[in-house]
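*Asks:* A single structure is presented below for examination.
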Number of protein chains: 2
Amino acid sequence: MSGDGSAIGLDPTALRAQLRDRGMRWTPQRRLILDVLRSTSGHVTGSEIVERCRARDPETTPSTIYRTLDVLEDLGYLHHSHGAGGREEFHVLPAVEHGHLQCVGCGESWEIGADEVADLLGHLQRSRGFAVDVGHLTIAGRCAACSADGADTGFRPG
Amino acid sequence: MSGDGSAIGLDPTALRAQLRDRGMRWTPQRRLILDVLRSTSGHVTGSEIVERCRARDPETTPSTIYRTLDVLEDLGYLHHSHGAGGREEFHVLPAVEHGHLQCVGCGESWEIGADEVADLLGHLQRSRGFAVDVGHLTIAGRCAACSADGADTGFRPG
DNA sequence: GGCGTTATTGCAACACATCGCAACAACCTG
DNA sequence: CAGGTTGTTGCGATGTGTTGCAATAACGCC
């Protein structure tokens, strides 16, 4: 819908400064990963990121990538949740915190704003004192189209 | 609350009949897995089931177990969802459909009844036509105790 | 610019889960 | 009970993440 993901805020210089503040280092690998992330909009799975990094530099190793992703999440540059299949899904630069709806039929996913989530889950917070991690929330189910299509869980006989 | 999980309804004979109805077979492996499940209450991760099966019969292979688990889920004997870490969690004999709350701090998890879930998510259903898979729902966050304990995501310096 | 400290990398191994495929064995039939 | 069908098993390989550890290389300091 909107831009191409080359978002302001994924600025290498800023990240470098933030890292240094924490006594952490700015490395070529991190620069590459940040770069890949900058040219990414919306959701990506962990393996997609690995793939894209290796496309630019075949030397890149998965462990480095996943560790860097952790760091970036720590710094608030991204969020991750787990899709309907349990795989990691990263969401770059979440301007506003939000959750996801994912269809087990077609795999499509949609965002639900923090407002909406708060509306839905706020009372869990109040009644149980349970602080929902909105950014991590992915709700599985079937979208309208897939519900109309077939009733069962993605399985279509014959 | 109730018993030890040796629930009525996980009856080998009944399962055998159900399998045969579908042209499927009753094998020693399936019997073992059902047995393990019978002595299990509440949540188990996939690897826990594997472990317990191998404890009784070291020959058991993971692929067989996971495949049988799929079959059993198909037949409604259990449900699975993905915990905060993305790992599979199975729930045996869900008398009533329900979702889960899982604390990323202590790992503890709680059930939330279908009623409560419906209450929370019903409007997603109405406004978007999205049919939430309640049995698959696991909401991550921090429980009251852990929220009081420390503010960040499970990380504790020093 | 050279040097020391120590965060980070890359490797290898592991953990969890899934899949293709050939051999096996439940089950049905006669 | 022997024989054929075909659903299942078990193996090995693959995909996705994680972790321990020794070598490397950022970064701060002189």
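Order determines the names: the first chain of the structure tokens is A, the second B, and so forth; residues in each chain are numbered 1 upward, and ligands are numbered 1 upward as they are shown.
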Counting only C-alpha atoms (C1' of nucleotides), collect the residues of chain D whose closest atom lies at most 10 Å from chain B, and write them out as a ChimeraX atom specification.

*Replies:* /D:6-11

*Asks:* Could you list, as a list in words, every residue within 8 Å of His43 (chain A), counting only C-alpha atoms (C1' of nucleotides) and ignoring same-chain residues fewer than 6 positions away?

*Replies:*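 Near neighbours after the sequence-gap exclusion: Glu89, Phe90, His91 and Val92 of chain A.
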
*Asks:* Quick one: distance from CA of Leu137 (chain A) to CA of Gly99 (chain A) in Å, one decimal?

*Replies:*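 Taking CA of Leu137 (chain A) as the start and CA of Gly99 (chain A) as the end point, the length is 4.9 Å.
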
*Asks:* Report chain A as a PDB file with C-alpha atoms, in the first residue's frame in the frame of chain B, after least-squares superposition over all C-alpha atoms paired in order.

*Replies:*
```pdb
ATOM      1  CA  MET A   1      -6.509 -29.632  39.726  1.00  0.00           C
ATOM      2  CA  SER A   2      -8.811 -32.326  38.435  1.00  0.00           C
ATOM      3  CA  GLY A   3      -8.048 -35.898  37.454  1.00  0.00           C
ATOM      4  CA  ASP A   4      -4.963 -37.689  36.309  1.00  0.00           C
ATOM      5  CA  GLY A   5      -5.749 -37.536  32.635  1.00  0.00           C
ATOM      6  CA  SER A   6      -6.727 -41.174  32.225  1.00  0.00           C
ATOM      7  CA  ALA A   7      -9.711 -39.737  30.518  1.00  0.00           C
ATOM      8  CA  ILE A   8     -12.607 -41.594  29.163  1.00  0.00           C
ATOM      9  CA  GLY A   9     -12.640 -40.973  25.442  1.00  0.00           C
ATOM     10  CA  LEU A  10      -9.011 -41.827  24.838  1.00  0.00           C
ATOM     11  CA  ASP A  11     -10.161 -45.399  24.618  1.00  0.00           C
ATOM     12  CA  PRO A  12      -8.026 -47.589  22.340  1.00  0.00           C
ATOM     13  CA  THR A  13     -11.011 -49.546  21.104  1.00  0.00           C
ATOM     14  CA  ALA A  14     -12.867 -46.418  20.115  1.00  0.00           C
ATOM     15  CA  LEU A  15      -9.866 -45.022  18.340  1.00  0.00           C
ATOM     16  CA  ARG A  16      -9.290 -48.255  16.525  1.00  0.00           C
ATOM     17  CA  ALA A  17     -12.847 -48.213  15.276  1.00  0.00           C
ATOM     18  CA  GLN A  18     -12.563 -44.630  14.194  1.00  0.00           C
ATOM     19  CA  LEU A  19      -9.397 -45.387  12.326  1.00  0.00           C
ATOM     20  CA  ARG A  20     -10.898 -48.352  10.570  1.00  0.00           C
ATOM     21  CA  ASP A  21     -13.859 -46.261   9.511  1.00  0.00           C
ATOM     22  CA  ARG A  22     -11.452 -44.106   7.631  1.00  0.00           C
ATOM     23  CA  GLY A  23      -9.538 -46.985   6.150  1.00  0.00           C
ATOM     24  CA  MET A  24      -6.653 -46.385   8.488  1.00  0.00           C
ATOM     25  CA  ARG A  25      -4.765 -48.918  10.556  1.00  0.00           C
ATOM     26  CA  TRP A  26      -4.261 -49.768  14.162  1.00  0.00           C
ATOM     27  CA  THR A  27      -0.587 -50.327  14.813  1.00  0.00           C
ATOM     28  CA  PRO A  28       1.527 -51.021  17.890  1.00  0.00           C
ATOM     29  CA  GLN A  29       3.137 -47.619  17.487  1.00  0.00           C
ATOM     30  CA  ARG A  30      -0.190 -45.859  17.556  1.00  0.00           C
ATOM     31  CA  ARG A  31      -1.229 -47.878  20.533  1.00  0.00           C
ATOM     32  CA  LEU A  32       1.928 -46.790  22.356  1.00  0.00           C
ATOM     33  CA  ILE A  33       1.416 -43.148  21.546  1.00  0.00           C
ATOM     34  CA  LEU A  34      -2.190 -43.270  22.632  1.00  0.00           C
ATOM     35  CA  ASP A  35      -1.046 -44.896  25.822  1.00  0.00           C
ATOM     36  CA  VAL A  36       1.466 -42.178  26.511  1.00  0.00           C
ATOM     37  CA  LEU A  37      -1.185 -39.587  25.836  1.00  0.00           C
ATOM     38  CA  ARG A  38      -3.579 -41.275  28.226  1.00  0.00           C
ATOM     39  CA  SER A  39      -1.129 -40.859  31.060  1.00  0.00           C
ATOM     40  CA  THR A  40      -0.654 -37.229  30.225  1.00  0.00           C
ATOM     41  CA  SER A  41      -2.725 -34.341  31.420  1.00  0.00           C
ATOM     42  CA  GLY A  42      -2.698 -30.803  30.203  1.00  0.00           C
ATOM     43  CA  HIS A  43      -0.007 -29.536  27.891  1.00  0.00           C
ATOM     44  CA  VAL A  44       2.938 -31.402  26.454  1.00  0.00           C
ATOM     45  CA  THR A  45       5.449 -30.314  23.896  1.00  0.00           C
ATOM     46  CA  GLY A  46       6.148 -32.486  20.907  1.00  0.00           C
ATOM     47  CA  SER A  47       9.559 -33.438  22.167  1.00  0.00           C
ATOM     48  CA  GLU A  48       8.156 -34.433  25.546  1.00  0.00           C
ATOM     49  CA  ILE A  49       5.881 -36.886  23.840  1.00  0.00           C
ATOM     50  CA  VAL A  50       8.782 -38.216  21.813  1.00  0.00           C
ATOM     51  CA  GLU A  51      10.796 -38.599  24.965  1.00  0.00           C
ATOM     52  CA  ARG A  52       8.059 -40.452  26.822  1.00  0.00           C
ATOM     53  CA  CYS A  53       7.448 -42.781  23.937  1.00  0.00           C
ATOM     54  CA  ARG A  54      11.122 -43.589  23.669  1.00  0.00           C
ATOM     55  CA  ALA A  55      11.214 -44.204  27.388  1.00  0.00           C
ATOM     56  CA  ARG A  56       8.765 -47.046  26.848  1.00  0.00           C
ATOM     57  CA  ASP A  57      10.093 -48.183  23.536  1.00  0.00           C
ATOM     58  CA  PRO A  58      13.459 -46.841  22.432  1.00  0.00           C
ATOM     59  CA  GLU A  59      12.724 -47.986  18.898  1.00  0.00           C
ATOM     60  CA  THR A  60      10.095 -45.323  18.441  1.00  0.00           C
ATOM     61  CA  THR A  61      11.040 -42.772  15.810  1.00  0.00           C
ATOM     62  CA  PRO A  62      10.054 -39.106  15.904  1.00  0.00           C
ATOM     63  CA  SER A  63       8.536 -39.017  12.450  1.00  0.00           C
ATOM     64  CA  THR A  64       6.080 -41.732  13.347  1.00  0.00           C
ATOM     65  CA  ILE A  65       5.109 -39.900  16.479  1.00  0.00           C
ATOM     66  CA  TYR A  66       4.559 -36.562  14.815  1.00  0.00           C
ATOM     67  CA  ARG A  67       2.576 -38.178  12.043  1.00  0.00           C
ATOM     68  CA  THR A  68       0.392 -40.009  14.516  1.00  0.00           C
ATOM     69  CA  LEU A  69      -0.109 -36.812  16.453  1.00  0.00           C
ATOM     70  CA  ASP A  70      -1.376 -35.251  13.247  1.00  0.00           C
ATOM     71  CA  VAL A  71      -3.821 -38.061  12.764  1.00  0.00           C
ATOM     72  CA  LEU A  72      -5.058 -37.773  16.326  1.00  0.00           C
ATOM     73  CA  GLU A  73      -5.521 -34.061  15.921  1.00  0.00           C
ATOM     74  CA  ASP A  74      -7.492 -34.712  12.787  1.00  0.00           C
ATOM     75  CA  LEU A  75      -9.742 -37.017  14.746  1.00  0.00           C
ATOM     76  CA  GLY A  76     -10.187 -34.415  17.462  1.00  0.00           C
ATOM     77  CA  TYR A  77      -8.254 -36.235  20.166  1.00  0.00           C
ATOM     78  CA  LEU A  78      -5.944 -33.313  20.654  1.00  0.00           C
ATOM     79  CA  HIS A  79      -5.048 -29.814  19.644  1.00  0.00           C
ATOM     80  CA  HIS A  80      -1.742 -28.160  19.115  1.00  0.00           C
ATOM     81  CA  SER A  81      -0.630 -24.574  19.267  1.00  0.00           C
ATOM     82  CA  HIS A  82       2.702 -22.825  19.383  1.00  0.00           C
ATOM     83  CA  GLY A  83       4.095 -21.533  22.641  1.00  0.00           C
ATOM     84  CA  ALA A  84       5.833 -18.215  23.100  1.00  0.00           C
ATOM     85  CA  GLY A  85       9.055 -19.795  21.870  1.00  0.00           C
ATOM     86  CA  GLY A  86       7.380 -21.144  18.749  1.00  0.00           C
ATOM     87  CA  ARG A  87       7.589 -24.754  19.905  1.00  0.00           C
ATOM     88  CA  GLU A  88       4.676 -27.069  19.427  1.00  0.00           C
ATOM     89  CA  GLU A  89       2.461 -27.628  22.424  1.00  0.00           C
ATOM     90  CA  PHE A  90      -0.119 -30.353  22.402  1.00  0.00           C
ATOM     91  CA  HIS A  91      -3.211 -30.343  24.481  1.00  0.00           C
ATOM     92  CA  VAL A  92      -4.845 -33.664  25.119  1.00  0.00           C
ATOM     93  CA  LEU A  93      -8.546 -34.230  24.869  1.00  0.00           C
ATOM     94  CA  PRO A  94      -9.788 -30.673  24.945  1.00  0.00           C
ATOM     95  CA  ALA A  95     -13.205 -31.229  26.486  1.00  0.00           C
ATOM     96  CA  VAL A  96     -14.107 -27.709  25.560  1.00  0.00           C
ATOM     97  CA  GLU A  97     -12.256 -25.674  23.028  1.00  0.00           C
ATOM     98  CA  HIS A  98     -10.046 -23.105  24.651  1.00  0.00           C
ATOM     99  CA  GLY A  99      -7.026 -20.921  24.103  1.00  0.00           C
ATOM    100  CA  HIS A 100      -3.947 -20.229  26.165  1.00  0.00           C
ATOM    101  CA  LEU A 101      -2.141 -17.437  27.880  1.00  0.00           C
ATOM    102  CA  GLN A 102       1.578 -17.946  28.226  1.00  0.00           C
ATOM    103  CA  CYS A 103       3.985 -15.892  30.286  1.00  0.00           C
ATOM    104  CA  VAL A 104       7.317 -15.212  28.615  1.00  0.00           C
ATOM    105  CA  GLY A 105       8.784 -14.502  32.025  1.00  0.00           C
ATOM    106  CA  CYS A 106       8.142 -17.695  33.958  1.00  0.00           C
ATOM    107  CA  GLY A 107       6.857 -19.911  31.149  1.00  0.00           C
ATOM    108  CA  GLU A 108       3.688 -20.672  33.046  1.00  0.00           C
ATOM    109  CA  SER A 109       0.515 -20.958  31.018  1.00  0.00           C
ATOM    110  CA  TRP A 110      -3.196 -20.686  31.690  1.00  0.00           C
ATOM    111  CA  GLU A 111      -6.285 -21.661  29.820  1.00  0.00           C
ATOM    112  CA  ILE A 112      -8.877 -19.244  28.656  1.00  0.00           C
ATOM    113  CA  GLY A 113     -12.277 -20.698  27.941  1.00  0.00           C
ATOM    114  CA  ALA A 114     -13.948 -20.550  24.580  1.00  0.00           C
ATOM    115  CA  ASP A 115     -16.526 -18.228  26.061  1.00  0.00           C
ATOM    116  CA  GLU A 116     -13.916 -15.774  27.091  1.00  0.00           C
ATOM    117  CA  VAL A 117     -12.149 -16.077  23.755  1.00  0.00           C
ATOM    118  CA  ALA A 118     -15.389 -15.626  21.895  1.00  0.00           C
ATOM    119  CA  ASP A 119     -16.004 -12.560  23.952  1.00  0.00           C
ATOM    120  CA  LEU A 120     -12.598 -11.210  23.099  1.00  0.00           C
ATOM    121  CA  LEU A 121     -12.461 -12.143  19.468  1.00  0.00           C
ATOM    122  CA  GLY A 122     -16.059 -12.440  18.433  1.00  0.00           C
ATOM    123  CA  HIS A 123     -16.072  -9.098  16.820  1.00  0.00           C
ATOM    124  CA  LEU A 124     -13.096 -10.020  14.677  1.00  0.00           C
ATOM    125  CA  GLN A 125     -15.341 -12.726  13.379  1.00  0.00           C
ATOM    126  CA  ARG A 126     -18.184 -10.359  12.711  1.00  0.00           C
ATOM    127  CA  SER A 127     -16.297  -7.384  11.361  1.00  0.00           C
ATOM    128  CA  ARG A 128     -13.790  -9.214   9.226  1.00  0.00           C
ATOM    129  CA  GLY A 129     -15.351 -12.594   8.708  1.00  0.00           C
ATOM    130  CA  PHE A 130     -12.205 -14.030  10.196  1.00  0.00           C
ATOM    131  CA  ALA A 131     -12.876 -17.357  11.934  1.00  0.00           C
ATOM    132  CA  VAL A 132     -10.424 -17.560  14.797  1.00  0.00           C
ATOM    133  CA  ASP A 133      -8.965 -20.974  15.466  1.00  0.00           C
ATOM    134  CA  VAL A 134      -9.487 -20.852  19.190  1.00  0.00           C
ATOM    135  CA  GLY A 135      -7.739 -24.117  19.895  1.00  0.00           C
ATOM    136  CA  HIS A 136      -4.605 -22.846  18.249  1.00  0.00           C
ATOM    137  CA  LEU A 137      -4.571 -19.528  20.046  1.00  0.00           C
ATOM    138  CA  THR A 138      -1.726 -18.815  22.424  1.00  0.00           C
ATOM    139  CA  ILE A 139      -1.315 -15.291  23.665  1.00  0.00           C
ATOM    140  CA  ALA A 140       2.136 -14.350  24.902  1.00  0.00           C
ATOM    141  CA  GLY A 141       2.766 -11.741  27.543  1.00  0.00           C
ATOM    142  CA  ARG A 142       3.730 -11.329  31.153  1.00  0.00           C
ATOM    143  CA  CYS A 143       1.711 -12.533  34.075  1.00  0.00           C
ATOM    144  CA  ALA A 144       0.967 -10.301  37.032  1.00  0.00           C
ATOM    145  CA  ALA A 145       3.805 -11.712  39.107  1.00  0.00           C
ATOM    146  CA  CYS A 146       6.415 -11.337  36.389  1.00  0.00           C
ATOM    147  CA  SER A 147       5.193  -7.880  35.467  1.00  0.00           C
ATOM    148  CA  ALA A 148       5.775  -6.787  39.016  1.00  0.00           C
ATOM    149  CA  ASP A 149       9.144  -8.490  39.020  1.00  0.00           C
ATOM    150  CA  GLY A 150      10.870  -6.783  36.131  1.00  0.00           C
ATOM    151  CA  ALA A 151       9.701  -4.693  33.248  1.00  0.00           C
ATOM    152  CA  ASP A 152      11.575  -6.016  30.238  1.00  0.00           C
ATOM    153  CA  THR A 153      11.198  -9.087  28.126  1.00  0.00           C
ATOM    154  CA  GLY A 154      12.557 -11.737  30.351  1.00  0.00           C
ATOM    155  CA  PHE A 155      16.008 -10.274  30.328  1.00  0.00           C
ATOM    156  CA  ARG A 156      17.564  -9.485  33.677  1.00  0.00           C
ATOM    157  CA  PRO A 157      20.949  -7.735  33.733  1.00  0.00           C
ATOM    158  CA  GLY A 158      23.598  -8.723  36.221  1.00  0.00           C
TER     159      GLY A 158
END
```

*Asks:* Report, in Å with one decimal, the straight-line distance from C1' of DT19 (chain D) to C1' of DT5 (chain C).

*Replies:*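 If I compute the distance from C1' of DT19 (chain D) to C1' of DT5 (chain C), I get 23.8 Å.
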